[in-house]
4 protein chains.
Amino acid sequence: MKLAMIGLGKMGIEMAGRLLTAGHELTVYNRTMDKARVLESRGARVASSPSEAVAGAEAVLTSLLNDAAVEAVLFGRDGILESLPVGAVHAGLSTISIDLAKRLDQEHRQRSQAYVGAPVIGRPEAASEAKLIVIAGGSASSIARVQPLFDAFARITFTAGAQPWQASLFKLCCNFMIASMLETFGEAQALIRKAGSDPKDFVALMSEFWGSPIYRNYGSLIANRAYDPPGFTLIGGIKDMKLVLDAATGMTVPLPLASLIRDQMLSALAAGNADLDWASFTDTAARNAGLPFKRA
Amino acid sequence: MKLAMIGLGKMGIEMAGRLLTAGHELTVYNRTMDKARVLESRGARVASSPSEAVAGAEAVLTSLLNDAAVEAVLFGRDGILESLPVGAVHAGLSTISIDLAKRLDQEHRQRSQAYVGAPVIGRPEAASEAKLIVIAGGSASSIARVQPLFDAFARITFTAGAQPWQASLFKLCCNFMIASMLETFGEAQALIRKAGSDPKDFVALMSEFWGSPIYRNYGSLIANRAYDPPGFTLIGGIKDMKLVLDAATGMTVPLPLASLIRDQMLSALAAGNADLDWASFTDTAARNAGLPFKRA
Amino acid sequence: MKLAMIGLGKMGIEMAGRLLTAGHELTVYNRTMDKARVLESRGARVASSPSEAVAGAEAVLTSLLNDAAVEAVLFGRDGILESLPVGAVHAGLSTISIDLAKRLDQEHRQRSQAYVGAPVIGRPEAASEAKLIVIAGGSASSIARVQPLFDAFARITFTAGAQPWQASLFKLCCNFMIASMLETFGEAQALIRKAGSDPKDFVALMSEFWGSPIYRNYGSLIANRAYDPPGFTLIGGIKDMKLVLDAATGMTVPLPLASLIRDQMLSALAAGNADLDWASFTDTAARNAGLPFKRA
Amino acid sequence: MKLAMIGLGKMGIEMAGRLLTAGHELTVYNRTMDKARVLESRGARVASSPSEAVAGAEAVLTSLLNDAAVEAVLFGRDGILESLPVGAVHAGLSTISIDLAKRLDQEHRQRSQAYVGAPVIGRPEAASEAKLIVIAGGSASSIARVQPLFDAFARITFTAGAQPWQASLFKLCCNFMIASMLETFGEAQALIRKAGSDPKDFVALMSEFWGSPIYRNYGSLIANRAYDPPGFTLIGGIKDMKLVLDAATGMTVPLPLASLIRDQMLSALAAGNADLDWASFTDTAARNAGLPFKRA
């Protein structure tokens, strides 16, 4: 397929590499050009603007940081909206707000283009091994057209519904599930430390009990306070909790646990954890139990 | 070993069966005798009181419902405390309060007996397949003496610390981790239902993401509101959340998430869910989002 | 003084009346003209646009519903920003967001005009009796210039700081204090109803204890579920809690109690209370206790 | 009337003084005798045990610290239960648990004695000026008999219901209302401090708005962090919040705001505030906002 890929961050560059390997004809664009050059040697064409990148494409994938970056690429000067061909599909791989997802859907429809919400779960390494999870929202026919692209970097695709924004919601709920596990782990480990037990022993028990590497990995992060360098920053975590709370407010759904997490995160932010790993918001539970902080 | 087993509920009877299979010399006691008779045919001796059961035993295992049942078997008329031989070990397999675990430890010490806190994780079927998880608390030497007994019905034993009550704390924290997952799942599914998506799709995503059967099982329970018959009742869940909150209060550790769960459970109890599965406390999140209830 | 008054809702019209009585030269503007006509007979000049109203004025007072209405009057076509004379003062009497208050301050400064944040507490009747409370934020000299105007309809003016937005913050915190009292009253009355006592007896006790008519009035509203017609709607209450939470998030201050209230309000909104009095969000506490609803 | 008074703490001694002034025939008992001696000079008889104090009395008033002290005076060796005459009334002025209030009622009934729950609101100085508030629970006839005694030290008596424990519940709910006001004030002042405003200005506004000295007094305590010496200790506050939460759990009423306050108090306790004024639990809100502590 003739494709465009906008956004070559850690994740985007791996995805683009997989799409090239799969034999697609790819034009890439990134705000800073050096990243694009790497792909050029592998056969990608490098565009000098988003609008140029999507000219003539059957599909465009965007992998961008946040709502603002997506808005710039879509609606900004030289944005893709006006130059993407009629009938083409835009698959948005970023975690964005419900409101923006709804707006993208509408704007594309008005131009006889299709929008598929397709946020992914997993780290850049997972992309390079085709092990990501894709959450797709949109019409079945649109999803079917970009499914081969997802298969280039993902092990499985789940469908969230016929509306692109439903995929955003699933992704936000996934992050909420993780954040909730972190808060519980933080409270439990605070209790266990005050009881004189070793939180690492509790992490070992939880790893066995849940049978999930996520419990082992995050549990160990907290037990060791190994928050630097971050896998995902507290600032990013707060942004995602804000998105899920905004979505829930818009649908008149109280999420008391999400509210609690947001407040614990704000406390950690006030304590200076902004650029540490988001698991560091569990410092709040420890501090409120009167525990001193020891770094790994 | 010459053993006694007190308490032949669904779990206790499976454990006793495994101990017989392992070749131990076993005397059993249960408040109602018919359950004991089943084991008699397999070689167990049936005692008519707890004190008779432990006479001459090297170790006694107790598998009882709650603090009150443990207190009755220990301190009641014909309790085991006075007739258990000097040097014998009591392994308490029940989920009990921190305070009671401390008291048991002290009372046994005063009589030159040893107490090992050893609550288990898993269902009765897991016991019959030697797949339980044991959480052991106590002196290393005491735990070593009863380790072969645990191995008869458990796949692994984790150590929580040198104090028997630390094992109770680990078990309570484990239940708190599960309850927290339930609350999050409940809130997320409420949001997803209001968004017009199918919560079963979200459960499928979560099963894949966490790679844990616990997420699949409980997620499906909630999506289907399949709360009857219960695996573990709401009444039991409330009891355990009370125990963890009492333990935390005693150690001056605020657990805001445990408080939230307790309150959501009380709402579900007020709505009549007492004897439904404890996952049904997630009804509260759904009701507060204005969702109607549909049963599976 | 030569004044303009924009916004003639229930509150604005009373304020304008008092300003006329005090002898000021007043030009008024309202989106719908009939309200303005009433004041014309008392000597006010009626303008056909905000910009016309403020031409030549020494000060303008705005009494508008929310951020959107203020933005329309300031920045919209025929807005006041460009026609308000250099050196004039704008006193904003509405409850607006911190962000908008900051923007107004900046925009006026750039035009050598002054902005005073001046949200008021009290009901329209209090305005007609000169019994409102004004919360003023801004430079001391600017506040001094409009103080005589406030004295026309208020019994006292409190100063929140040298920044206009600090006055917004004080007003939002005041509403948070009231909402918190409502939630507590709701929870306590739920408990008292379930205990078989009469919540009206508890309201009588609280009225005596606090010595405040606010406890008596709101306590009785809740005891009688007298939520229709509303004094202030739930929709308005939710808006204000959102503003205080947004302000707090912007300053990295967790407000767990404000989060709790927001969630209780969302539950009441999901149950259909949008246009009832905001005290009706206490239905959530009653519902979660399993109490049936009886109307007064 | 021929009376006995048990418990001569700061409050009890003032009440006893008022009862003597009112002309009653009074026998007093206190664990430490020196306090009783002061009253002896004013005409009181001093007993050497609770049981001796109530022999022949028409009514006994108890003013004791907590459940344990009440249990000791009622059920302990030389307790009042067996020597209080048939037909006499026991008015319990302490803040006790619902469970103990129910037990006292039952035990007195079994002996054809009457029990009136009668916790008071106010400080010792208010007792000496007959300005306390009494909350009475019990049969109308029993309350009527001790009403003249209440009138000796109280300005008004409210009735909570025909059950003595309902008076305990009203008192606990009153303390919950105060604690909630404290938490809100703490959160709001944290926000206001971070906004660079002076919290004392906000306290002034709140005093005017609510028209209640309680807001002025507690608001100033928090603004000045004037927590030592305490009017009522954090330890006492935590005990009362535990009592209200226990009562609510027993009646299946979730009180999310009371849970929040309990957790904030535990954080303050973990930070070392045990013996400071209970208003100091608002330190938690300030600490979680990253604010440094300055003492008055």
# chains A, B, ... in the order shown; residues from 1 in each chain; ligands from 1

call {"tool": "residues_around", "arguments": {"residues": "stretch 259-272 of chain A", "least_positions_apart": "3", "cutoff": "9 Å", "atoms": "only C-alpha atoms", "output": "ChimeraX atom specification"}}
result
/A:176,179-180,183,234-235,237-238,241-242,245,254-256,275-276,278,280-285 /B:256-257 /C:249,251-256,259-260,263 /D:287-291

call {"tool": "residues_around", "arguments": {"residues": "B:Pro119", "least_positions_apart": "2", "cutoff": "8 Å", "atoms": "only C-alpha atoms", "output": "NGL selection string"}}
result
:B and (92-95 or 117 or 121 or 134-136 or 167-168 or 171)

call {"tool": "residues_around", "arguments": {"residues": "D:Gly122", "least_positions_apart": "4", "cutoff": "9 Å", "atoms": "only C-alpha atoms", "output": "VMD selection string"}}
result
chain D and resid 126 to 127 131 to 133

call {"tool": "write_last_selection", "arguments": {"atoms": "N, CA, C and O atoms", "output": "compact mmCIF listing (two decimals), in the first residue's frame"}}
result
# COMPACT_ATOMS: atom_id res chain seq x y z
N ALA D 126 -18.52 26.69 79.60
CA ALA D 126 -19.94 26.80 79.26
C ALA D 126 -20.79 26.12 80.33
O ALA D 126 -21.90 26.58 80.64
N ALA D 127 -20.26 25.05 80.91
CA ALA D 127 -21.01 24.37 81.98
C ALA D 127 -21.18 25.31 83.16
O ALA D 127 -22.27 25.41 83.75
N LYS D 131 -24.48 27.08 79.97
CA LYS D 131 -24.64 27.34 78.54
C LYS D 131 -24.35 26.12 77.67
O LYS D 131 -24.18 26.25 76.45
N LEU D 132 -24.27 24.95 78.28
CA LEU D 132 -24.05 23.76 77.47
C LEU D 132 -25.29 23.43 76.64
O LEU D 132 -26.38 23.96 76.89
N ILE D 133 -25.10 22.57 75.65
CA ILE D 133 -26.22 21.96 74.93
C ILE D 133 -26.25 20.49 75.34
O ILE D 133 -25.21 19.83 75.35

call {"tool": "closest_atom_pairs", "arguments": {"of": "chain A", "to": "chain B", "cutoff": "7 Å", "atoms": "only C-alpha atoms", "output": "JSON lines"}}
result
{"residue": "A:Phe158", "atom": "CA", "partner": "B:Leu205", "partner_atom": "CA", "distance": 6.5}
{"residue": "A:Ala160", "atom": "CA", "partner": "B:Ser197", "partner_atom": "CA", "distance": 6.3}
{"residue": "A:Gly161", "atom": "CA", "partner": "B:Ser197", "partner_atom": "CA", "distance": 5.7}
{"residue": "A:Phe170", "atom": "CA", "partner": "B:Phe202", "partner_atom": "CA", "distance": 6.9}
{"residue": "A:Cys173", "atom": "CA", "partner": "B:Ala188", "partner_atom": "CA", "distance": 5.9}
{"residue": "A:Met177", "atom": "CA", "partner": "B:Thr184", "partner_atom": "CA", "distance": 6.1}
{"residue": "A:Ser180", "atom": "CA", "partner": "B:Thr184", "partner_atom": "CA", "distance": 6.7}
{"residue": "A:Met181", "atom": "CA", "partner": "B:Met181", "partner_atom": "CA", "distance": 6.9}
{"residue": "A:Thr184", "atom": "CA", "partner": "B:Met177", "partner_atom": "CA", "distance": 6.1}
{"residue": "A:Glu187", "atom": "CA", "partner": "B:Leu255", "partner_atom": "CA", "distance": 5.9}
{"residue": "A:Ala188", "atom": "CA", "partner": "B:Cys173", "partner_atom": "CA", "distance": 5.9}
{"residue": "A:Leu191", "atom": "CA", "partner": "B:Val253", "partner_atom": "CA", "distance": 6.2}
{"residue": "A:Lys194", "atom": "CA", "partner": "B:Met251", "partner_atom": "CA", "distance": 6.9}
{"residue": "A:Ser197", "atom": "CA", "partner": "B:Gly161", "partner_atom": "CA", "distance": 5.7}
{"residue": "A:Asp201", "atom": "CA", "partner": "B:Ala160", "partner_atom": "CA", "distance": 6.6}
{"residue": "A:Phe202", "atom": "CA", "partner": "B:Phe170", "partner_atom": "CA", "distance": 6.9}
{"residue": "A:Leu205", "atom": "CA", "partner": "B:Phe158", "partner_atom": "CA", "distance": 6.5}
{"residue": "A:Trp210", "atom": "CA", "partner": "B:Ser212", "partner_atom": "CA", "distance": 5.8}
{"residue": "A:Gly211", "atom": "CA", "partner": "B:Ser212", "partner_atom": "CA", "distance": 5.6}
{"residue": "A:Ser212", "atom": "CA", "partner": "B:Ser212", "partner_atom": "CA", "distance": 5.4}
{"residue": "A:Ile214", "atom": "CA", "partner": "B:Trp210", "partner_atom": "CA", "distance": 6.7}
{"residue": "A:Ala248", "atom": "CA", "partner": "B:Leu191", "partner_atom": "CA", "distance": 6.5}
{"residue": "A:Met251", "atom": "CA", "partner": "B:Lys194", "partner_atom": "CA", "distance": 6.9}
{"residue": "A:Thr252", "atom": "CA", "partner": "B:Ala289", "partner_atom": "CA", "distance": 6.5}
{"residue": "A:Val253", "atom": "CA", "partner": "B:Ala289", "partner_atom": "CA", "distance": 4.6}
{"residue": "A:Pro254", "atom": "CA", "partner": "B:Ala289", "partner_atom": "CA", "distance": 6.2}
{"residue": "A:Leu255", "atom": "CA", "partner": "B:Glu187", "partner_atom": "CA", "distance": 5.9}
{"residue": "A:Leu257", "atom": "CA", "partner": "B:Thr184", "partner_atom": "CA", "distance": 7.0}
{"residue": "A:Asn288", "atom": "CA", "partner": "B:Pro254", "partner_atom": "CA", "distance": 6.8}
{"residue": "A:Ala289", "atom": "CA", "partner": "B:Val253", "partner_atom": "CA", "distance": 4.6}

call {"tool": "select_by_dssp", "arguments": {"residues": "stretch 88-171 of chain A", "states": "alpha helix (DSSP H)", "output": "VMD selection string"}}
result
chain A and resid 98 to 110 124 to 128 140 to 153 164 to 171

call {"tool": "write_last_selection", "arguments": {"atoms": "C-alpha atoms", "output": "mmCIF file, in the first residue's frame"}}
result
data_model
loop_
_atom_site.group_PDB
_atom_site.id
_atom_site.type_symbol
_atom_site.label_atom_id
_atom_site.label_comp_id
_atom_site.auth_asym_id
_atom_site.auth_seq_id
_atom_site.Cartn_x
_atom_site.Cartn_y
_atom_site.Cartn_z
ATOM 1 C CA ILE A 98 -12.447 11.751 23.476
ATOM 2 C CA ASP A 99 -13.310 15.225 22.288
ATOM 3 C CA LEU A 100 -10.470 15.374 19.808
ATOM 4 C CA ALA A 101 -11.219 11.863 18.544
ATOM 5 C CA LYS A 102 -14.811 12.914 17.879
ATOM 6 C CA ARG A 103 -13.652 16.016 16.062
ATOM 7 C CA LEU A 104 -11.194 14.096 13.879
ATOM 8 C CA ASP A 105 -13.927 11.644 12.926
ATOM 9 C CA GLN A 106 -16.229 14.471 11.921
ATOM 10 C CA GLU A 107 -13.642 16.442 9.972
ATOM 11 C CA HIS A 108 -12.526 13.391 7.999
ATOM 12 C CA ARG A 109 -16.118 12.400 7.227
ATOM 13 C CA GLN A 110 -16.843 15.857 5.850
ATOM 14 C CA PRO A 124 8.774 0.696 21.320
ATOM 15 C CA GLU A 125 10.663 -2.609 21.568
ATOM 16 C CA ALA A 126 7.346 -4.419 21.312
ATOM 17 C CA ALA A 127 6.674 -2.564 18.062
ATOM 18 C CA SER A 128 9.936 -3.763 16.562
ATOM 19 C CA ALA A 140 -15.626 -2.362 10.254
ATOM 20 C CA SER A 141 -14.726 -1.654 6.641
ATOM 21 C CA SER A 142 -12.264 1.106 7.530
ATOM 22 C CA ILE A 143 -10.618 -1.045 10.178
ATOM 23 C CA ALA A 144 -10.363 -3.917 7.703
ATOM 24 C CA ARG A 145 -8.457 -1.727 5.283
ATOM 25 C CA VAL A 146 -5.753 -0.794 7.798
ATOM 26 C CA GLN A 147 -5.646 -4.147 9.590
ATOM 27 C CA PRO A 148 -2.678 -5.360 7.496
ATOM 28 C CA LEU A 149 -0.789 -2.258 8.616
ATOM 29 C CA PHE A 150 -1.503 -2.982 12.285
ATOM 30 C CA ASP A 151 -0.381 -6.573 11.744
ATOM 31 C CA ALA A 152 3.038 -5.272 10.730
ATOM 32 C CA PHE A 153 3.775 -4.151 14.303
ATOM 33 C CA PRO A 164 -13.217 5.999 16.659
ATOM 34 C CA TRP A 165 -13.395 7.695 20.080
ATOM 35 C CA GLN A 166 -14.391 4.419 21.735
ATOM 36 C CA ALA A 167 -10.852 3.220 21.070
ATOM 37 C CA SER A 168 -9.509 6.239 22.958
ATOM 38 C CA LEU A 169 -11.773 5.372 25.822
ATOM 39 C CA PHE A 170 -10.536 1.772 25.969
ATOM 40 C CA LYS A 171 -6.951 2.969 26.000
#

call {"tool": "atom_distance", "arguments": {"atom1": "atom CA of A:Asp34", "atom2": "atom CA of A:Val46"}}
result
10.3 Å
